[in-house]
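S.K.: start_12.txt is the file, holding compact mmCIF, C-alpha atoms and all ligand atoms:
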```
# COMPACT_ATOMS: atom_id res chain seq x y z
CA MET L 190 24.60 -11.16 13.33
CA GLN L 191 21.76 -13.56 14.26
CA TYR L 192 19.38 -13.90 11.30
CA SER L 193 17.42 -16.90 12.50
CA GLN L 194 14.40 -14.79 13.45
CA ILE L 195 13.95 -13.34 9.96
CA ILE L 196 10.62 -14.38 8.42
CA LYS L 197 11.10 -16.18 5.11
CA PRO L 198 8.82 -15.50 2.10
CA GLU L 199 8.00 -19.13 1.37
CA ASN L 200 4.33 -20.03 2.04
CA ARG L 201 3.50 -16.43 2.95
CA VAL L 202 0.38 -15.12 1.20
CA ILE L 203 0.23 -11.35 0.75
CA LEU L 204 -2.53 -9.17 -0.73
CA ILE L 205 -1.47 -6.00 -2.56
CA SER L 206 -3.94 -3.34 -3.70
CA GLY L 207 -3.16 -1.29 -6.79
CA ALA L 208 -0.60 -3.79 -8.04
CA SER L 209 -0.74 -2.69 -11.69
CA SER L 210 1.14 0.64 -11.55
CA GLY L 211 3.88 2.55 -9.80
CA ILE L 212 4.74 1.53 -6.26
CA GLY L 213 2.26 -1.38 -6.11
CA LEU L 214 3.64 -2.91 -9.29
CA ALA L 215 7.22 -2.57 -8.03
CA ILE L 216 6.28 -4.19 -4.69
CA ALA L 217 4.47 -7.05 -6.41
CA LYS L 218 7.37 -7.83 -8.75
CA TYR L 219 9.89 -7.64 -5.93
CA LEU L 220 7.91 -9.90 -3.58
CA LEU L 221 7.17 -12.44 -6.34
CA ASN L 222 10.85 -12.63 -7.06
CA GLU L 223 11.54 -13.17 -3.36
CA GLY L 224 9.22 -16.19 -3.28
CA TYR L 225 6.00 -14.81 -1.75
CA SER L 226 2.56 -16.00 -2.89
CA LEU L 227 0.60 -12.96 -3.99
CA SER L 228 -3.03 -12.03 -4.36
CA LEU L 229 -3.10 -8.90 -6.48
CA GLY L 230 -5.97 -6.41 -6.49
CA VAL L 231 -6.27 -4.37 -9.68
CA ARG L 232 -8.80 -2.32 -11.62
CA ASN L 233 -7.83 -3.68 -15.02
CA ILE L 234 -7.30 -7.45 -15.03
CA GLU L 235 -6.17 -7.68 -18.68
CA LYS L 236 -3.53 -4.99 -18.15
CA ALA L 237 -2.26 -6.80 -15.06
CA LYS L 238 -2.11 -10.17 -16.83
CA LYS L 239 0.24 -8.66 -19.43
CA LEU L 240 2.37 -6.95 -16.80
CA PHE L 241 2.96 -10.17 -14.86
CA SER L 242 3.09 -12.64 -17.76
CA LYS L 243 6.89 -12.49 -17.97
CA CYS L 244 7.55 -12.92 -14.24
CA ARG L 245 9.62 -15.96 -13.30
CA SER L 246 7.11 -16.99 -10.64
CA ASN L 247 3.47 -17.73 -11.41
CA ASN L 248 2.60 -17.96 -7.75
CA TYR L 249 -0.02 -15.22 -7.87
CA ILE L 250 -3.67 -14.56 -8.64
CA ILE L 251 -5.13 -11.41 -10.13
CA ASN L 252 -8.41 -10.11 -8.74
CA LYS L 253 -10.76 -7.28 -9.57
CA PHE L 254 -10.39 -4.44 -7.07
CA GLU L 255 -12.28 -1.19 -7.51
CA ALA L 256 -11.85 0.83 -4.34
CA THR L 257 -15.17 2.62 -4.74
CA GLU L 258 -17.08 -0.69 -5.07
CA LEU L 259 -16.64 -2.46 -1.75
CA LYS L 260 -18.20 -5.72 -2.97
CA THR L 261 -15.08 -6.24 -5.13
CA ILE L 262 -13.15 -6.45 -1.85
CA ASP L 263 -15.43 -9.21 -0.52
CA CYS L 264 -14.84 -11.23 -3.72
CA TRP L 265 -11.08 -10.59 -3.65
CA VAL L 266 -10.67 -11.84 -0.07
CA ASP L 267 -12.93 -14.87 -0.75
CA ASN L 268 -10.93 -15.77 -3.89
CA THR L 269 -7.69 -15.52 -1.93
CA ILE L 270 -8.87 -17.96 0.71
CA LYS L 271 -10.21 -20.33 -1.95
CA ARG L 272 -6.88 -20.32 -3.81
CA PHE L 273 -4.34 -20.19 -0.96
CA GLY L 274 -6.33 -21.12 2.18
CA GLN L 275 -4.67 -18.40 4.28
CA ILE L 276 -3.70 -14.73 4.40
CA ASP L 277 -0.40 -13.72 6.04
CA GLY L 278 -0.22 -10.10 5.02
CA LEU L 279 -1.85 -7.11 3.39
CA ILE L 280 -0.35 -4.11 1.65
CA ASN L 281 -2.79 -1.23 1.33
CA ASN L 282 -1.14 0.59 -1.55
CA ALA L 283 -3.80 1.84 -4.00
CA GLY L 284 -4.39 5.56 -3.76
CA ILE L 285 -5.15 8.73 -5.64
CA LEU L 286 -3.98 12.33 -5.42
CA LYS L 287 -6.40 15.13 -6.27
CA ILE L 288 -5.94 18.80 -5.62
CA VAL L 289 -8.43 19.89 -2.99
CA SER L 290 -7.88 23.17 -1.19
CA PHE L 291 -10.17 25.95 0.01
CA ASP L 292 -9.85 27.50 -3.47
CA GLU L 293 -9.52 24.48 -5.77
CA GLY L 294 -11.30 21.16 -6.27
CA GLU L 295 -14.82 20.08 -5.36
CA ILE L 296 -16.34 18.28 -2.41
CA GLU L 297 -16.79 15.28 -4.76
CA ASP L 298 -13.00 15.19 -5.14
CA LEU L 299 -12.60 15.12 -1.36
CA ASN L 300 -15.18 12.34 -1.11
CA GLU L 301 -13.32 10.29 -3.73
CA LEU L 302 -10.00 10.81 -1.92
CA TRP L 303 -11.67 9.56 1.26
CA LYS L 304 -13.26 6.52 -0.41
CA VAL L 305 -10.13 5.34 -2.24
CA ASN L 306 -7.43 6.26 0.27
CA VAL L 307 -9.22 5.51 3.56
CA VAL L 308 -12.55 3.67 3.29
CA ALA L 309 -11.29 0.94 0.94
CA PRO L 310 -8.12 0.23 3.00
CA PHE L 311 -10.29 0.17 6.14
CA TYR L 312 -12.71 -2.35 4.64
CA LEU L 313 -9.92 -4.49 3.19
CA THR L 314 -8.21 -4.52 6.60
CA LYS L 315 -11.47 -5.39 8.35
CA LEU L 316 -12.03 -8.40 6.08
CA CYS L 317 -8.42 -9.60 6.19
CA LEU L 318 -7.82 -9.24 9.95
CA PRO L 319 -9.63 -12.46 11.05
CA HIS L 320 -7.55 -14.48 8.54
CA ILE L 321 -4.25 -12.72 9.29
CA LYS L 322 -4.78 -13.21 13.05
CA LYS L 323 -4.71 -16.99 12.56
CA THR L 324 -1.08 -16.91 11.37
CA ASN L 325 0.33 -15.41 14.63
CA ASN L 326 2.91 -13.42 12.65
CA GLY L 327 0.83 -11.48 10.15
CA ARG L 328 1.90 -8.20 8.65
CA ILE L 329 -0.01 -5.16 7.36
CA ILE L 330 1.69 -2.30 5.58
CA ASN L 331 -0.15 0.90 4.71
CA ILE L 332 1.46 3.06 2.05
CA ALA L 333 0.80 6.50 3.53
CA SER L 334 2.97 9.57 2.77
CA THR L 335 5.08 12.28 4.29
CA ASP L 336 1.89 14.29 3.62
CA GLY L 337 0.32 12.21 6.39
CA LYS L 338 3.04 13.32 8.81
CA ARG L 339 2.75 17.09 8.46
CA TYR L 340 0.90 19.76 6.51
CA ARG L 341 3.05 21.57 3.99
CA GLU L 342 1.89 24.58 2.01
CA SER L 343 1.30 23.77 -1.69
CA VAL L 344 0.28 20.17 -0.91
CA SER L 345 -3.38 19.22 -1.57
CA ILE L 346 -5.19 19.74 1.74
CA GLY L 347 -7.52 16.86 0.86
CA TYR L 348 -4.64 14.47 0.17
CA SER L 349 -2.86 15.49 3.37
CA MET L 350 -6.10 14.94 5.34
CA VAL L 351 -6.70 11.42 4.04
CA LYS L 352 -3.07 10.35 4.49
CA HIS L 353 -3.22 11.55 8.13
CA ALA L 354 -6.38 9.43 8.47
CA LEU L 355 -4.64 6.39 6.96
CA ILE L 356 -1.79 6.69 9.46
CA SER L 357 -4.33 6.91 12.27
CA MET L 358 -6.01 3.76 10.94
CA SER L 359 -2.62 2.10 10.75
CA HIS L 360 -2.01 2.66 14.47
CA ALA L 361 -5.52 1.44 15.28
CA THR L 362 -4.85 -1.74 13.28
CA ARG L 363 -1.56 -2.23 15.09
CA ASN L 364 -3.44 -2.18 18.39
CA ALA L 365 -6.20 -4.47 17.16
CA GLY L 366 -3.79 -7.13 15.90
CA TRP L 367 -0.93 -6.93 18.37
CA ASP L 368 -1.97 -9.75 20.72
CA ASP L 369 -2.39 -12.07 17.72
CA GLY L 370 1.13 -11.38 16.47
CA ILE L 371 0.13 -8.90 13.76
CA ARG L 372 2.60 -6.08 13.19
CA VAL L 373 1.50 -3.00 11.26
CA THR L 374 3.58 -0.30 9.58
CA ALA L 375 2.68 2.99 7.95
CA VAL L 376 5.32 3.55 5.28
CA CYS L 377 5.47 7.28 4.58
CA PRO L 378 7.38 8.11 1.40
CA GLY L 379 8.16 11.56 0.07
CA ALA L 380 7.91 12.10 -3.70
CA VAL L 381 8.16 8.82 -5.61
CA ASP L 382 8.70 8.74 -9.36
CA THR L 383 5.27 7.47 -10.51
CA ASN L 384 2.32 8.72 -12.54
CA LEU L 385 0.59 9.90 -9.37
CA LEU L 386 2.55 13.14 -9.52
CA ASN L 387 1.84 13.89 -13.19
CA GLY L 388 0.63 17.47 -13.58
CA ILE L 389 0.96 18.33 -9.87
CA PRO L 390 2.44 21.84 -9.63
CA GLY L 391 5.61 22.54 -7.60
CA ILE L 392 6.45 18.88 -7.10
CA THR L 393 10.02 17.51 -6.62
CA ALA L 394 11.82 17.09 -9.97
CA SER L 395 11.71 13.55 -11.37
CA LYS L 396 15.47 13.01 -11.00
CA ASP L 397 15.29 13.84 -7.27
CA ARG L 398 12.40 11.51 -6.46
CA LEU L 399 12.49 8.12 -4.74
CA LYS L 400 12.20 5.17 -7.11
CA PRO L 401 9.27 2.73 -6.64
CA GLU L 402 11.83 -0.09 -6.37
CA THR L 403 13.29 1.56 -3.25
CA ILE L 404 9.87 1.41 -1.61
CA ALA L 405 9.50 -2.23 -2.74
CA TYR L 406 12.84 -3.12 -1.15
CA THR L 407 11.80 -1.35 2.06
CA VAL L 408 8.47 -3.20 2.18
CA ALA L 409 10.23 -6.55 1.73
CA TYR L 410 12.57 -5.67 4.58
CA ILE L 411 9.67 -4.77 6.91
CA LEU L 412 7.84 -7.99 6.01
CA SER L 413 10.89 -10.00 7.00
CA LEU L 414 11.20 -8.55 10.53
CA PRO L 415 10.20 -10.73 13.49
CA ASN L 416 7.32 -9.94 15.86
CA THR L 417 9.84 -8.46 18.30
CA ALA L 418 10.81 -5.73 15.79
CA SER L 419 7.72 -3.66 15.14
CA VAL L 420 8.15 -0.56 12.96
CA SER L 421 4.99 1.49 13.49
CA GLU L 422 5.89 4.28 11.06
CA LEU L 423 8.65 4.62 8.52
CA PRO L 424 9.04 8.01 6.84
CA ILE L 425 11.38 7.90 3.83
CA ASN L 426 12.08 11.38 2.55
CA THR L 427 13.84 12.44 -0.60
CA ARG L 428 14.33 16.02 0.56
CA LEU L 429 15.55 17.66 3.75
CA GLU L 430 12.81 18.72 6.17
CA SER L 431 13.25 19.61 9.81
CA THR L 432 11.68 16.49 11.36
CA ILE L 433 11.04 14.00 8.55
N1 LIG Q 1 4.14 8.82 -5.94
C1 LIG Q 1 4.36 9.45 -4.79
O1 LIG Q 1 5.05 10.47 -4.73
C2 LIG Q 1 3.82 8.89 -3.51
C3 LIG Q 1 4.37 9.34 -2.30
C4 LIG Q 1 3.86 8.86 -1.10
C5 LIG Q 1 2.83 7.95 -1.11
N2 LIG Q 1 2.30 7.52 -2.30
C6 LIG Q 1 1.20 6.57 -2.25
O2 LIG Q 1 1.60 5.37 -2.87
C7 LIG Q 1 0.45 4.68 -3.33
C8 LIG Q 1 0.68 4.23 -4.76
O3 LIG Q 1 0.78 5.39 -5.58
P1 LIG Q 1 1.75 5.47 -6.85
O4 LIG Q 1 2.68 6.57 -6.61
O5 LIG Q 1 2.28 4.15 -7.19
O6 LIG Q 1 0.72 5.99 -7.95
P2 LIG Q 1 0.12 5.30 -9.25
O7 LIG Q 1 1.20 4.83 -10.13
O8 LIG Q 1 -0.88 6.27 -9.77
O9 LIG Q 1 -0.64 4.03 -8.66
C9 LIG Q 1 -1.84 4.14 -7.95
C10 LIG Q 1 -2.46 2.77 -7.88
O10 LIG Q 1 -3.75 2.89 -7.23
C11 LIG Q 1 -4.71 2.28 -8.07
N3 LIG Q 1 -6.01 2.94 -7.95
C12 LIG Q 1 -6.30 4.25 -8.11
N4 LIG Q 1 -7.62 4.46 -7.96
C13 LIG Q 1 -8.17 3.25 -7.71
C14 LIG Q 1 -9.50 2.80 -7.47
N5 LIG Q 1 -10.56 3.64 -7.51
N6 LIG Q 1 -9.70 1.49 -7.25
C15 LIG Q 1 -8.67 0.61 -7.26
N7 LIG Q 1 -7.39 0.97 -7.49
C16 LIG Q 1 -7.15 2.28 -7.70
C17 LIG Q 1 -4.18 2.45 -9.47
O11 LIG Q 1 -4.79 1.52 -10.36
P3 LIG Q 1 -4.49 1.56 -11.96
O12 LIG Q 1 -3.21 0.79 -12.16
O13 LIG Q 1 -5.70 0.88 -12.53
O14 LIG Q 1 -4.39 2.98 -12.34
C18 LIG Q 1 -2.70 2.19 -9.25
O15 LIG Q 1 -2.43 0.81 -9.25
C19 LIG Q 1 -0.73 5.64 -3.16
O16 LIG Q 1 -1.44 5.31 -1.99
C20 LIG Q 1 -0.04 6.98 -3.00
O17 LIG Q 1 -0.83 7.90 -2.29
C21 LIG Q 1 2.79 7.95 -3.50
```
Take the structure from the file and write it as structure tokens.
Ligand SMILES: NC(=O)c1ccc[n+]([C@@H]2O[C@H](COP(=O)([O-])OP(=O)(O)OC[C@H]3O[C@@H](n4cnc5c(N)ncnc54)[C@H](OP(=O)(O)O)[C@@H]3O)[C@@H](O)[C@H]2O)c1
M.R.:
Amino acid sequence: MQYSQIIKPENRVILISGASSGIGLAIAKYLLNEGYSLSLGVRNIEKAKKLFSKCRSNNYIINKFEATELKTIDCWVDNTIKRFGQIDGLINNAGILKIVSFDEGEIEDLNELWKVNVVAPFYLTKLCLPHIKKTNNGRIINIASTDGKRYRESVSIGYSMVKHALISMSHATRNAGWDDGIRVTAVCPGAVDTNLLNGIPGITASKDRLKPETIAYTVAYILSLPNTASVSELPINTRLESTI
């Protein structure tokens, strides 16, 4: 096997949104351990400081990120450039799940789903793209969902809608960055064992769910692939469905 093309973590600066819980936290810990430099976007800075205080690497900064306040994204990207001088990658992970169907939930819930799961990743991507383009081998990973790949009865219609939109944005980003060496992936997990699923009816039992660490491992693998190995979408299911 020829491994010489694999991209090494050293001197690679990656932004991760929602790095203080669930999948984002697992990705951040995994990538820190691998040797990446991280710029973490979180709602609660004190909580994040405690979570990362015992990590072997201190090659990270913690920034305020509130998805519904876009000016926090401007500050986060500026801080990253001030601290590291470059941005090599972005992981749009932060997201929420609210039940919105024709019978349940309010339009406000749908608006919040849209703001957190689509508008904030769009704005973060827009601000990071000029920096990531300069590296000629930048990477962007959007944590979407199997709910962005198909509509399944019993899933929140609102959540399914915004995850479809995120995947669409992911492909648009892939086109926008391709000539500058940026490779973009929509990772589409099935049920993952995090707090996101608390209280959601009819969801896969905890013991049968993916673990956040499995997604973290997958993200690290995608980040390491060369420009000639672009994975546009990666569904990872925990249950048998006909096409995903
Ligand atoms: N769990 C699943 O089954 C599953 C499956 C497929 C895809 N996903 C996707 O994976 C991503 C991570 O979810 P998770 O499962 O790890 O859930 P989680 O444990 O609830 O984590 C969600 C993260 O998003 C952050 N967040 C939520 N609202 C925010 C806002 N307004 N501004 C800034 N940050 C905000 C949270 O911040 P706090 O730490 O402050 O709460 C948290 O870090 C989401 O995009 C989700 O849709 C999850």
S.K.: For atom CA of Val373 of chain L and atom CA of Glu422 of chain L, quote the distance in Å rounded to one decimal.
M.R.: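 According to the coordinates, atom CA of Val373 of chain L and atom CA of Glu422 of chain L are separated by 8.5 Å.
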S.K.: Could you check the closest approach to ligand LIG 1 (chain Q) for each of L:Leu429, L:Ala217, L:Val231, L:Leu355 and tell me which residue wins, using only C-alpha atoms and all ligand atoms?
M.R.: L:Val231
S.K.: With all atoms listed in the file as the atoms that count, which of L:Ser419, L:Ser210, L:Ser242, L:Ser343 lies nearest to ligand LIG 1 (chain Q)?
M.R.: L:Ser210
S.K.: Which polymer residues, whether protein, DNA or RNA, lie within 12 Å of the coordinate (-2.5, -4.9, -16.3) when you count only C-alpha atoms? List them as a ChimeraX atom specification, using the chain letters and numbers from the file.
M.R.: /L:207-211,213-214,229-242,251-253
S.K.: Since we have the selection now, will you write its residues out, keeping C-alpha atoms, as a short mmCIF file (atom, residue, chain, number, x, y, z; two decimals), in the coordinates of the input?
M.R.:
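Result written to part-v5.cif:
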```
data_model
loop_
_atom_site.label_atom_id
_atom_site.label_comp_id
_atom_site.auth_asym_id
_atom_site.auth_seq_id
_atom_site.Cartn_x
_atom_site.Cartn_y
_atom_site.Cartn_z
CA GLY L 207 -3.16 -1.29 -6.79
CA ALA L 208 -0.60 -3.79 -8.04
CA SER L 209 -0.74 -2.69 -11.69
CA SER L 210 1.14 0.64 -11.55
CA GLY L 211 3.88 2.55 -9.80
CA GLY L 213 2.26 -1.38 -6.11
CA LEU L 214 3.64 -2.91 -9.29
CA LEU L 229 -3.10 -8.90 -6.48
CA GLY L 230 -5.97 -6.41 -6.49
CA VAL L 231 -6.27 -4.37 -9.68
CA ARG L 232 -8.80 -2.32 -11.62
CA ASN L 233 -7.83 -3.68 -15.02
CA ILE L 234 -7.30 -7.45 -15.03
CA GLU L 235 -6.17 -7.68 -18.68
CA LYS L 236 -3.53 -4.99 -18.15
CA ALA L 237 -2.26 -6.80 -15.06
CA LYS L 238 -2.11 -10.17 -16.83
CA LYS L 239 0.24 -8.66 -19.43
CA LEU L 240 2.37 -6.95 -16.80
CA PHE L 241 2.96 -10.17 -14.86
CA SER L 242 3.09 -12.64 -17.76
CA ILE L 251 -5.13 -11.41 -10.13
CA ASN L 252 -8.41 -10.11 -8.74
CA LYS L 253 -10.76 -7.28 -9.57
#
```
S.K.: Write out as CSV a residue-level contact list of chain L versus ligand LIG 1 (chain Q) with cut-off 7 Å: for each qualifying residue the closest pair of atoms and the distance in Å to one decimal, counting all atoms listed in the file, rows sorted by chain and residue number upward.
M.R.:
```
residue,atom,partner,partner_atom,distance
L:Ser206,CA,Q:LIG1,N7,6.7
L:Gly207,CA,Q:LIG1,O15,3.3
L:Ala208,CA,Q:LIG1,O15,5.1
L:Ser209,CA,Q:LIG1,O12,4.3
L:Ser210,CA,Q:LIG1,O15,4.3
L:Gly211,CA,Q:LIG1,O5,3.5
L:Ile212,CA,Q:LIG1,O5,3.7
L:Gly213,CA,Q:LIG1,O5,5.6
L:Val231,CA,Q:LIG1,N7,5.9
L:Arg232,CA,Q:LIG1,O13,4.5
L:Asn233,CA,Q:LIG1,O13,5.6
L:Phe254,CA,Q:LIG1,C15,5.3
L:Glu255,CA,Q:LIG1,N6,3.7
L:Ala256,CA,Q:LIG1,N6,3.7
L:Thr257,CA,Q:LIG1,N5,5.5
L:Asn282,CA,Q:LIG1,C7,4.7
L:Ala283,CA,Q:LIG1,O10,3.4
L:Gly284,CA,Q:LIG1,O16,3.4
L:Ile285,CA,Q:LIG1,C12,5.2
L:Leu286,CA,Q:LIG1,O17,6.3
L:Val305,CA,Q:LIG1,N5,5.6
L:Asn306,CA,Q:LIG1,O16,6.5
L:Ile332,CA,Q:LIG1,O2,5.4
L:Ala333,CA,Q:LIG1,C5,5.3
L:Ser334,CA,Q:LIG1,C4,4.0
L:Thr335,CA,Q:LIG1,C4,6.5
L:Cys377,CA,Q:LIG1,C4,6.1
L:Pro378,CA,Q:LIG1,C4,4.4
L:Gly379,CA,Q:LIG1,C3,5.0
L:Ala380,CA,Q:LIG1,O1,3.4
L:Val381,CA,Q:LIG1,O1,3.6
L:Asp382,CA,Q:LIG1,N1,5.7
L:Thr383,CA,Q:LIG1,O4,4.8
L:Asn384,CA,Q:LIG1,O7,4.7
L:Leu385,CA,Q:LIG1,O8,3.9
L:Leu386,CA,Q:LIG1,N1,5.8
```
S.K.: Which is closest to Lys322 of chain L among L:Arg372, L:Lys304, L:Lys338, L:His360, if we use only C-alpha atoms?
M.R.: L:Arg372
S.K.: Can you measure atom CA of Asn325 of chain L to atom CA of Leu221 of chain L for me? One decimal in Å is fine.
M.R.: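 Computing the Euclidean distance for atom CA of Asn325 of chain L and atom CA of Leu221 of chain L yields 22.3 Å.
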S.K.: Which residue gives the smallest distance to Val408 of chain L among L:Cys264, L:Leu299, L:Val376, L:Ile389, with all atoms listed in the file counted?
M.R.: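 The answer is L:Val376, which sits nearest to Val408 of chain L.
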S.K.: In terms of the shortest atom-to-atom distance over only C-alpha atoms, which of L:Asn200, L:Thr374, L:Ser395, L:Ser290 is closest to Ile411 of chain L?
M.R.: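 Result for the nearest residue to Ile411 of chain L: L:Thr374.
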S.K.: Give me, as a list in words, all polymer residues having an atom no more than 12 Å from Asp298 of chain L, counting only C-alpha atoms and skipping those fewer than 2 positions away in the same chain.
M.R.: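 The filter keeps Ile285, Leu286, Lys287, Ile288, Val289, Ser290, Glu293, Gly294, Glu295, Ile296, Asn300, Glu301, Leu302, Trp303, Lys304, Val305, Asn306, Ser345, Ile346, Gly347, Tyr348 and Val351 of chain L.
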S.K.: So which one's closest to Asp277 of chain L, L:Asp336, L:Glu297, L:Asp292, L:Asp369? Using all atoms listed in the file, please.
M.R.: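 Smallest distance to Asp277 of chain L is found for L:Asp369.
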S.K.: Between atom CA of Asp368 of chain L and atom CA of Leu414 of chain L, measure the distance and give it in Å to one decimal.
M.R.: 16.7 Å
S.K.: Taking (-8.8, -2.2, 7.2) as a centre in this file's frame and 10 Å as the limit, can you find every polymer residue with an atom that close, using all atoms listed in the file, and give them as a ChimeraX atom specification?
M.R.: /L:279,281,307-318,329,331,355,358-359,361-362
S.K.: Would you give the centre and edge lengths, in Å to one decimal, of a box along x, y and z around the listed atoms of segment 243-256 of chain L, with 5 Å added to each side, as AutoDock Vina command-line options?
M.R.:
```
--center_x -1.3 --center_y -8.6 --center_z -11.2 --size_x 31.9 --size_y 28.8 --size_z 23.6
```
